[in-house]
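Okay, so here's the structure we're looking at.
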Amino acid sequence: MKKNSLLLALLLACPLSAQEVFVPEQSSSGYRFYEPAGGSFRCQIPAAWRPIEEESLQGPIVHIIEPEQAGKAYRSGIDVQLFEAGQPGVVPFKKAIDLLRREDKAFQRSATPVRLLRANGLLFRLFEVTETRLLPAESLPASQTPLHHYVAVAQSGESYFVLRLSSLRDVYLDYRNVFQLFVKSFRPLGYK
Amino acid sequence: MGSPFRLTAWLLLLLLQNASAAALASLDSRQLKLLEENHYLLQNDGMVRHASNSQPVRSEEIPYLIQRLESVQRLKALLRLDLILSKSRGEKHLTDEERQAIRAVVRENWPILAYSTRKKFKNYFSPEELASMNSDLPAAPVSPLLMKDPDIPEPGAQIPAAPQAPAPPPAPPAAALPLAAVAPPLLTPARFTIPEAAAPIETISSTAAAKADSPPVIVSSAPAAIPAAVQTPVTILPVTPPPLPETAPEGFVFGQGPEPQAPPPPPPPVAPITPVETPPPAAPAAAAAPLEETSPTDLEKFLLQAPYGRDAKAMIRLLSRHAPAAARTRALSALRLLLPQVSLDSEKAKDALRSRLEKPARENQSPLIVLRPAVVIQQRKRLFFGATETALPETTKNHEVPYREEQTRWGKTRVFEDGSRRVVFSLEQQAGLLLADLLRLDVSLREPGASIREVELCARTAQMIFYSKLEPSVSAEQFLDPELRHDLRLWREHPGEYRSYLAHSLPAYDSSGSSSRPSAALAEALEAEKQFRQEQGNDHEKK
């Protein structure tokens, strides 16, 4: 009895390692709800951003890209990819996180440590990746440009989702709130 | 007796004028402006003289004159820079005005400054500004390393017959001197170029000078027109040649030649020899043509007659051997039906990093595929460590002999005296780019409603499969440039990230096509990718 009460007291005293977040039912100002044709998830995205749905060998991919701006070599946007268990080339969840956080000195690629976020019943692994690519990709002059990726990985049953918001490193802080709202509003459909 | 004297004098005068005109024609606008600024006057007879001197400058002295004037201008520029820097608090503490003044002086005199001076002041400019200023640098001798032998046609190739030039007119009578037949060999030595706009040389009858009552008029040819690129507003003084004396000089007598005859008409201009070009078929006909396999024998027969250089043919053979089957059929079909021009030229590539596709604007126009052979890599060191690389277009004017070669992440890099580094793209890489462009051409013609995303995915999937299949057979360790190598690794190991990178970096990736049906070419490309990955997976399991 004393052991049980002591254990209960310890559990109550420990801070939660992952924060629980509740999502409002209405979309925020300047945002809209989006659900792809395949009905795999639902989320909030900036109203002006345009989604592109594709099929790949490993599963469906959705790119939600900001409008094209003159002089901008890299458009910011969110990519959502569903890795369905059993598809060719799909690696286990933990290995997928390690591969996403891989380092590459030739392209100055590095990743931050993983932190946790719980939202809509999912446990997201969050980290940030930076790398350098030659941009613009197809025209000259092109110079090495640092890129930034906010990455969130969430397991949903046997499959897992990879959410990524990519932008130029110079402006990545401008999209921090966008990514936070996106992750907090992300809800898989039919993959529980 | 006097007529040969007059004729010789007239010929010498003409020779001098044409030589001077030829020397002026070789000058660019900057050098002509330099002459004008230093009070040198260009006469309409092609002679150059100083405003204070009536003696004209000889044609062979014009290059030395330009050299001396450039040297003086360079000295003035250095003195101005020295004055600005000596008045300042030091180069590290320049005010904005002083910095802008230095930039203005350097920019104005960039082409004539020495290499060491340009190197010292290049940090005042951005890479884009430097690229623009370096494009105006004077041409240097072509590096022997970059010289290429002309393409020798394959044995058995049918060389198109040039159109026959019109037969020259019959020889005029011997009485009148046909200067048109005599002058050209004398006036066109190998080192002079006669502008095309030169007026025809009029003939002179020797008997016209025999009339003692009126001095003969020497009809001089109109001064050679300066080419359009060289035309600048300069002061031109009208000059008339001095008339011949009425009495013959001592020891000479005006002779009496044969009866005057009408001067023979000038020969008609020779038609330029142009290669016979087979007109390409119209695009709708190509789009309607069914896709057919091209056997290796048919391909070799096609290449024997195709108007492609040695490198282009080598690339076509490579892609025929290693491209995925469906992509190979489409690419070779586009090649045979549309006969696009394939050019390896840095200038024609304009601002494209690796290749540029120009689709035909009209029905009877052939498409153009330009592949960039090399790119300039400029490194700027960062504050503490590392360097930022910038890729710039290669300017053909700066071809010099590289003074060393070094191994960088771009592969074998040639370093030149001006500090620039040039990377030459491999033939294998360019073959993949050619394959991608041929597929873009084919898909845009057969499926005009396909979206940019579908066209790009189709082309790039085939390109990546081609590189993957080619890799084991290539002896070079790195036959792709670092960025393309990274794309290939992403495509192979992290295809989702590769797709995301395309979506973010390619313009108009999100534009939708006009067709509601999915692209058949993309479906073929994805099927080829699936098959390729399965084969790779099986090979990996076997290992």
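Going by the structure tokens order, chains are called A, B, ..., each with residues numbered from 1, while ligands are numbered from 1 in the order shown.
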
Please produce, as a Markdown table, a per-residue contact table for range 425-485 of chain B versus range 103-125 of chain A (criterion: any atom at most 12 Å away, only C-alpha atoms considered), showing the nearest atom pair and its distance in Å to one decimal, sorted by chain then residue number.
| residue | atom | partner | partner_atom | distance |
| --- | --- | --- | --- | --- |
| B:Pro482 | CA | A:Ala106 | CA | 8.8 |
| B:Glu483 | CA | A:Phe107 | CA | 9.2 |
| B:Arg485 | CA | A:Ala106 | CA | 11.3 |

(message) Give me, as a VMD selection string, all polymer residues having an atom no more than 7 Å from range 138-155 of chain A, counting only C-alpha atoms and skipping those fewer than 2 positions away in the same chain.
(response) (chain A and resid 122 to 136 157 159 to 169 172) or (chain B and resid 351 to 353 388 to 393)

(request) Figure out the distance between CA of Phe479 in chain B and CA of Glu405 in chain B, please, to one decimal in Å. (result) 16.9 Å

(request) Could you find all residues in range 44-74 of chain A that DSSP calls strand (DSSP E) from the backbone, and write them as a list in words? (result)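 Output for range 44-74 of chain A, strand (DSSP E) only: Gln44, Ile45, Pro46, Arg50, Pro51, Ile52, Glu53, Glu54, Glu55, Ser56, Gly59, Pro60, Ile61, Val62, His63, Ile64 and Ile65 of chain A.
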
Saved selection, atoms kept: N, CA, C and O atoms, as a PDB file, in the first residue's frame:
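Result written to part.pdb:
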ATOM      1  N   GLN A  44      -4.795  21.721 -41.344  1.00  0.00           N
ATOM      2  CA  GLN A  44      -5.004  23.127 -41.689  1.00  0.00           C
ATOM      3  C   GLN A  44      -3.764  23.621 -42.426  1.00  0.00           C
ATOM      4  O   GLN A  44      -2.629  23.399 -41.980  1.00  0.00           O
ATOM      5  N   ILE A  45      -4.027  24.302 -43.526  1.00  0.00           N
ATOM      6  CA  ILE A  45      -2.905  24.835 -44.314  1.00  0.00           C
ATOM      7  C   ILE A  45      -3.187  26.306 -44.618  1.00  0.00           C
ATOM      8  O   ILE A  45      -4.346  26.736 -44.572  1.00  0.00           O
ATOM      9  N   PRO A  46      -2.172  27.095 -44.893  1.00  0.00           N
ATOM     10  CA  PRO A  46      -2.416  28.480 -45.303  1.00  0.00           C
ATOM     11  C   PRO A  46      -3.336  28.507 -46.521  1.00  0.00           C
ATOM     12  O   PRO A  46      -3.202  27.696 -47.438  1.00  0.00           O
ATOM     13  N   ARG A  50      -1.027  25.872 -52.346  1.00  0.00           N
ATOM     14  CA  ARG A  50      -1.714  24.989 -53.288  1.00  0.00           C
ATOM     15  C   ARG A  50      -1.231  23.551 -53.111  1.00  0.00           C
ATOM     16  O   ARG A  50      -0.030  23.297 -53.157  1.00  0.00           O
ATOM     17  N   PRO A  51      -2.152  22.608 -52.923  1.00  0.00           N
ATOM     18  CA  PRO A  51      -1.714  21.221 -52.744  1.00  0.00           C
ATOM     19  C   PRO A  51      -1.536  20.503 -54.079  1.00  0.00           C
ATOM     20  O   PRO A  51      -2.249  20.755 -55.035  1.00  0.00           O
ATOM     21  N   ILE A  52      -0.536  19.606 -54.118  1.00  0.00           N
ATOM     22  CA  ILE A  52      -0.289  18.754 -55.287  1.00  0.00           C
ATOM     23  C   ILE A  52      -0.230  17.328 -54.763  1.00  0.00           C
ATOM     24  O   ILE A  52       0.555  17.029 -53.870  1.00  0.00           O
ATOM     25  N   GLU A  53      -1.066  16.470 -55.320  1.00  0.00           N
ATOM     26  CA  GLU A  53      -1.114  15.080 -54.850  1.00  0.00           C
ATOM     27  C   GLU A  53      -0.437  14.179 -55.864  1.00  0.00           C
ATOM     28  O   GLU A  53      -0.671  14.285 -57.058  1.00  0.00           O
ATOM     29  N   GLU A  54       0.424  13.312 -55.377  1.00  0.00           N
ATOM     30  CA  GLU A  54       1.152  12.392 -56.252  1.00  0.00           C
ATOM     31  C   GLU A  54       1.107  11.004 -55.657  1.00  0.00           C
ATOM     32  O   GLU A  54       0.849  10.831 -54.458  1.00  0.00           O
ATOM     33  N   GLU A  55       1.391  10.036 -56.520  1.00  0.00           N
ATOM     34  CA  GLU A  55       1.536   8.663 -56.058  1.00  0.00           C
ATOM     35  C   GLU A  55       2.976   8.233 -56.274  1.00  0.00           C
ATOM     36  O   GLU A  55       3.541   8.457 -57.347  1.00  0.00           O
ATOM     37  N   SER A  56       3.557   7.634 -55.273  1.00  0.00           N
ATOM     38  CA  SER A  56       4.905   7.109 -55.448  1.00  0.00           C
ATOM     39  C   SER A  56       4.864   5.616 -55.121  1.00  0.00           C
ATOM     40  O   SER A  56       3.847   5.095 -54.665  1.00  0.00           O
ATOM     41  N   GLY A  59       4.018   5.060 -51.506  1.00  0.00           N
ATOM     42  CA  GLY A  59       2.760   5.549 -50.972  1.00  0.00           C
ATOM     43  C   GLY A  59       2.455   6.938 -51.505  1.00  0.00           C
ATOM     44  O   GLY A  59       3.232   7.515 -52.258  1.00  0.00           O
ATOM     45  N   PRO A  60       1.298   7.496 -51.107  1.00  0.00           N
ATOM     46  CA  PRO A  60       0.929   8.818 -51.625  1.00  0.00           C
ATOM     47  C   PRO A  60       1.776   9.921 -50.989  1.00  0.00           C
ATOM     48  O   PRO A  60       2.205   9.812 -49.837  1.00  0.00           O
ATOM     49  N   ILE A  61       2.009  10.963 -51.776  1.00  0.00           N
ATOM     50  CA  ILE A  61       2.747  12.146 -51.303  1.00  0.00           C
ATOM     51  C   ILE A  61       1.881  13.361 -51.639  1.00  0.00           C
ATOM     52  O   ILE A  61       1.297  13.430 -52.734  1.00  0.00           O
ATOM     53  N   VAL A  62       1.848  14.310 -50.718  1.00  0.00           N
ATOM     54  CA  VAL A  62       1.149  15.566 -50.970  1.00  0.00           C
ATOM     55  C   VAL A  62       2.143  16.694 -50.739  1.00  0.00           C
ATOM     56  O   VAL A  62       2.818  16.733 -49.707  1.00  0.00           O
ATOM     57  N   HIS A  63       2.237  17.584 -51.722  1.00  0.00           N
ATOM     58  CA  HIS A  63       3.063  18.790 -51.568  1.00  0.00           C
ATOM     59  C   HIS A  63       2.119  19.979 -51.490  1.00  0.00           C
ATOM     60  O   HIS A  63       1.259  20.140 -52.365  1.00  0.00           O
ATOM     61  N   ILE A  64       2.280  20.789 -50.461  1.00  0.00           N
ATOM     62  CA  ILE A  64       1.445  21.987 -50.309  1.00  0.00           C
ATOM     63  C   ILE A  64       2.402  23.169 -50.404  1.00  0.00           C
ATOM     64  O   ILE A  64       3.164  23.442 -49.470  1.00  0.00           O
ATOM     65  N   ILE A  65       2.363  23.857 -51.547  1.00  0.00           N
ATOM     66  CA  ILE A  65       3.406  24.825 -51.884  1.00  0.00           C
ATOM     67  C   ILE A  65       2.820  26.235 -51.833  1.00  0.00           C
ATOM     68  O   ILE A  65       1.667  26.448 -52.223  1.00  0.00           O
TER      69      ILE A  65
END

(message) Show me, as a ChimeraX atom specification, the residues that have an atom within 6 Å of range 461-478 of chain B when counting only C-alpha atoms, minus same-chain residues fewer than 6 positions from it.
(response) /B:322-323,432,436

Take the selection from the previous step and output its residues with all heavy atoms, as an mmCIF file, in the first residue's frame.
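Output below, filename again19.cif:
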data_model
loop_
_atom_site.group_PDB
_atom_site.id
_atom_site.type_symbol
_atom_site.label_atom_id
_atom_site.label_comp_id
_atom_site.auth_asym_id
_atom_site.auth_seq_id
_atom_site.Cartn_x
_atom_site.Cartn_y
_atom_site.Cartn_z
ATOM 1 N N HIS B 322 21.702 2.334 -72.683
ATOM 2 C CA HIS B 322 21.450 2.261 -71.246
ATOM 3 C C HIS B 322 20.129 2.869 -70.792
ATOM 4 O O HIS B 322 19.782 2.729 -69.628
ATOM 5 C CB HIS B 322 22.590 2.962 -70.486
ATOM 6 C CG HIS B 322 23.936 2.333 -70.710
ATOM 7 N ND1 HIS B 322 24.318 1.157 -70.100
ATOM 8 C CD2 HIS B 322 24.963 2.706 -71.504
ATOM 9 C CE1 HIS B 322 25.547 0.842 -70.500
ATOM 10 N NE2 HIS B 322 25.958 1.760 -71.355
ATOM 11 N N ALA B 323 19.403 3.519 -71.663
ATOM 12 C CA ALA B 323 18.135 4.119 -71.231
ATOM 13 C C ALA B 323 17.094 3.023 -71.044
ATOM 14 O O ALA B 323 17.154 1.977 -71.703
ATOM 15 C CB ALA B 323 17.656 5.138 -72.264
ATOM 16 N N GLY B 432 22.692 11.898 -70.373
ATOM 17 C CA GLY B 432 21.481 11.828 -69.572
ATOM 18 C C GLY B 432 20.616 13.071 -69.742
ATOM 19 O O GLY B 432 19.389 12.993 -69.797
ATOM 20 N N ALA B 436 16.778 13.344 -71.245
ATOM 21 C CA ALA B 436 15.681 14.043 -70.576
ATOM 22 C C ALA B 436 15.043 15.074 -71.505
ATOM 23 O O ALA B 436 13.810 15.192 -71.575
ATOM 24 C CB ALA B 436 16.190 14.722 -69.298
#

(request) Can you work out the spacing between CA of Arg492 in chain B and CA of Gly38 in chain A in Å, to one decimal? (result) 25.6 Å

What are the residues of chain B lining chain A at 9 Å or less? Count only C-alpha atoms, and put the answer as a short mmCIF file (atom, residue, chain, number, x, y, z; two decimals) with N, CA and C atoms, in the first residue's frame.
data_model
loop_
_atom_site.label_atom_id
_atom_site.label_comp_id
_atom_site.auth_asym_id
_atom_site.auth_seq_id
_atom_site.Cartn_x
_atom_site.Cartn_y
_atom_site.Cartn_z
N PRO B 127 29.35 38.50 -57.30
CA PRO B 127 29.66 37.55 -58.38
C PRO B 127 28.88 37.85 -59.67
N GLU B 128 27.66 38.33 -59.51
CA GLU B 128 26.87 38.62 -60.72
C GLU B 128 27.46 39.80 -61.48
N ALA B 131 30.57 38.64 -63.24
CA ALA B 131 30.26 37.87 -64.44
C ALA B 131 29.93 38.81 -65.59
N LYS B 350 23.03 30.11 -72.71
CA LYS B 350 22.56 31.32 -72.02
C LYS B 350 22.65 31.14 -70.52
N ASP B 351 21.51 31.18 -69.81
CA ASP B 351 21.59 31.10 -68.35
C ASP B 351 21.19 29.73 -67.81
N ALA B 352 21.10 28.73 -68.70
CA ALA B 352 20.78 27.38 -68.23
C ALA B 352 21.99 26.78 -67.54
N LEU B 353 21.76 26.04 -66.46
CA LEU B 353 22.88 25.46 -65.72
C LEU B 353 23.50 24.31 -66.47
N ARG B 354 22.66 23.45 -67.04
CA ARG B 354 23.21 22.27 -67.72
C ARG B 354 22.68 22.14 -69.15
N SER B 355 21.40 22.31 -69.35
CA SER B 355 20.89 22.15 -70.71
C SER B 355 19.69 23.05 -70.90
N THR B 388 31.97 29.49 -49.88
CA THR B 388 30.69 29.41 -50.60
C THR B 388 30.98 29.36 -52.08
N GLU B 389 30.36 28.41 -52.75
CA GLU B 389 30.60 28.25 -54.18
C GLU B 389 29.46 28.90 -54.96
N THR B 390 29.85 29.50 -56.06
CA THR B 390 28.86 30.06 -56.98
C THR B 390 29.19 29.55 -58.37
N ALA B 391 28.19 29.07 -59.05
CA ALA B 391 28.37 28.59 -60.42
C ALA B 391 27.99 29.72 -61.37
N LEU B 392 28.88 30.02 -62.30
CA LEU B 392 28.67 31.12 -63.23
C LEU B 392 28.81 30.61 -64.65
N PRO B 393 28.20 31.31 -65.62
CA PRO B 393 28.36 30.85 -67.01
C PRO B 393 29.79 31.05 -67.46
N ARG B 409 35.41 18.89 -55.21
CA ARG B 409 34.21 18.06 -55.12
C ARG B 409 33.49 18.03 -56.48
N PRO B 482 28.52 17.29 -58.52
CA PRO B 482 28.08 16.97 -57.16
C PRO B 482 26.57 17.10 -56.94
N GLU B 483 25.98 18.13 -57.52
CA GLU B 483 24.54 18.32 -57.30
C GLU B 483 23.73 17.21 -57.98
N HIS B 486 24.11 14.06 -56.03
CA HIS B 486 23.28 14.09 -54.84
C HIS B 486 21.83 13.81 -55.20
N GLU B 493 17.75 6.44 -52.85
CA GLU B 493 17.62 6.05 -51.45
C GLU B 493 16.48 6.76 -50.73
N HIS B 494 16.15 7.99 -51.13
CA HIS B 494 15.08 8.75 -50.46
C HIS B 494 14.20 9.39 -51.53
N PRO B 495 13.44 8.59 -52.25
CA PRO B 495 12.66 9.14 -53.37
C PRO B 495 11.65 10.19 -52.94
N GLY B 496 11.10 10.07 -51.75
CA GLY B 496 10.15 11.08 -51.28
C GLY B 496 10.82 12.44 -51.13
N GLU B 497 12.03 12.48 -50.58
CA GLU B 497 12.74 13.75 -50.45
C GLU B 497 13.10 14.30 -51.82
N ARG B 499 11.37 13.92 -54.58
CA ARG B 499 10.14 14.51 -55.15
C ARG B 499 9.86 15.86 -54.49
N SER B 500 10.07 15.93 -53.18
CA SER B 500 9.82 17.19 -52.47
C SER B 500 10.76 18.27 -52.98
N TYR B 501 12.03 17.92 -53.18
CA TYR B 501 12.99 18.91 -53.67
C TYR B 501 12.58 19.43 -55.05
N ALA B 503 9.52 19.58 -56.20
CA ALA B 503 8.31 20.40 -56.05
C ALA B 503 8.66 21.81 -55.57
N HIS B 504 9.67 21.92 -54.71
CA HIS B 504 10.01 23.22 -54.16
C HIS B 504 10.93 24.02 -55.08
N SER B 505 11.75 23.36 -55.89
CA SER B 505 12.79 24.08 -56.62
C SER B 505 12.45 24.33 -58.08
N LEU B 506 11.55 23.55 -58.67
CA LEU B 506 11.23 23.76 -60.08
C LEU B 506 10.09 24.77 -60.20
N PRO B 507 10.23 25.71 -61.10
CA PRO B 507 9.14 26.68 -61.25
C PRO B 507 7.92 26.04 -61.91
N ALA B 508 6.77 26.51 -61.52
CA ALA B 508 5.49 26.09 -62.11
C ALA B 508 5.25 24.60 -61.93
N TYR B 509 5.79 24.00 -60.90
CA TYR B 509 5.59 22.56 -60.66
C TYR B 509 4.14 22.28 -60.33
N ASP B 510 3.47 23.28 -59.74
CA ASP B 510 2.09 23.05 -59.32
C ASP B 510 1.06 23.43 -60.39
N LEU B 526 6.95 5.55 -64.42
CA LEU B 526 6.81 4.98 -63.07
C LEU B 526 6.90 3.46 -63.11
N GLU B 529 10.48 2.64 -63.35
CA GLU B 529 11.13 2.84 -62.06
C GLU B 529 10.84 1.65 -61.14
N LYS B 530 9.61 1.20 -61.17
CA LYS B 530 9.23 0.06 -60.31
C LYS B 530 10.04 -1.18 -60.70
N ARG B 533 13.66 -0.77 -59.57
CA ARG B 533 13.87 -0.94 -58.13
C ARG B 533 13.72 -2.41 -57.74
N GLN B 534 12.83 -3.09 -58.44
CA GLN B 534 12.69 -4.52 -58.14
C GLN B 534 13.97 -5.26 -58.51
N GLY B 537 16.52 -4.49 -55.98
CA GLY B 537 16.24 -5.21 -54.74
C GLY B 537 16.63 -6.67 -54.85
#

(request) Within range 303-396 of chain B, find each residue whose DSSP state, derived from the backbone, is helix (DSSP H, G or I), and express the selection as a ChimeraX atom specification. (result) /B:303-305,310-322,325-338,396

For C-alpha atoms, I'd like the residues from the last selection saved as a PDB file, in the first residue's frame.
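Listing of again.pdb after writing:
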ATOM      1  CA  LEU B 303      23.530   8.389 -87.370  1.00  0.00           C
ATOM      2  CA  LEU B 304      25.519   8.024 -90.602  1.00  0.00           C
ATOM      3  CA  GLN B 305      23.274  10.545 -92.279  1.00  0.00           C
ATOM      4  CA  ARG B 310      30.980  13.273 -82.907  1.00  0.00           C
ATOM      5  CA  ASP B 311      30.034  14.033 -79.295  1.00  0.00           C
ATOM      6  CA  ALA B 312      26.305  14.152 -79.993  1.00  0.00           C
ATOM      7  CA  LYS B 313      26.469  10.801 -81.790  1.00  0.00           C
ATOM      8  CA  ALA B 314      28.390   9.266 -78.893  1.00  0.00           C
ATOM      9  CA  MET B 315      25.700  10.487 -76.496  1.00  0.00           C
ATOM     10  CA  ILE B 316      22.923   9.079 -78.662  1.00  0.00           C
ATOM     11  CA  ARG B 317      24.662   5.691 -78.727  1.00  0.00           C
ATOM     12  CA  LEU B 318      25.044   5.773 -74.942  1.00  0.00           C
ATOM     13  CA  LEU B 319      21.408   6.531 -74.294  1.00  0.00           C
ATOM     14  CA  SER B 320      20.379   3.912 -76.800  1.00  0.00           C
ATOM     15  CA  ARG B 321      22.311   1.283 -74.821  1.00  0.00           C
ATOM     16  CA  HIS B 322      21.450   2.261 -71.246  1.00  0.00           C
ATOM     17  CA  ALA B 325      13.145   0.631 -72.909  1.00  0.00           C
ATOM     18  CA  ALA B 326      10.067   2.867 -73.064  1.00  0.00           C
ATOM     19  CA  ALA B 327      12.144   6.045 -72.671  1.00  0.00           C
ATOM     20  CA  ARG B 328      14.575   4.850 -75.316  1.00  0.00           C
ATOM     21  CA  THR B 329      11.757   4.309 -77.798  1.00  0.00           C
ATOM     22  CA  ARG B 330      10.320   7.766 -77.158  1.00  0.00           C
ATOM     23  CA  ALA B 331      13.675   9.532 -77.260  1.00  0.00           C
ATOM     24  CA  LEU B 332      14.872   7.919 -80.488  1.00  0.00           C
ATOM     25  CA  SER B 333      11.463   8.435 -82.051  1.00  0.00           C
ATOM     26  CA  ALA B 334      11.637  12.148 -81.265  1.00  0.00           C
ATOM     27  CA  LEU B 335      15.169  12.246 -82.638  1.00  0.00           C
ATOM     28  CA  ARG B 336      14.311  10.613 -85.955  1.00  0.00           C
ATOM     29  CA  LEU B 337      11.065  12.419 -86.538  1.00  0.00           C
ATOM     30  CA  LEU B 338      11.959  15.927 -85.387  1.00  0.00           C
ATOM     31  CA  THR B 396      34.397  31.900 -74.306  1.00  0.00           C
TER      32      THR B 396
END

(request) Mind checking which residues fall within 7 Å of Gly39 in chain A, counting only C-alpha atoms, ignoring those fewer than 3 positions away in the same chain, and posting them as a ChimeraX atom specification? (result) /A:35-36,189

(request) Report the distance between CA of Phe93 in chain A and CA of Phe179 in chain A in Å, rounded to one decimal place. (result)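 Separation of CA of Phe93 in chain A and CA of Phe179 in chain A: 21.5 Å.
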
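Residues in contact with Tyr31 in chain A at up to 10 Å, not including ones fewer than 4 positions away on its chain and judged by only C-alpha atoms, are Gln26, Ser27, Cys43, Gln44, Ile45, Pro46, Ala47, Ala48, Trp49, Val178, Leu181 and Phe182 of chain A.
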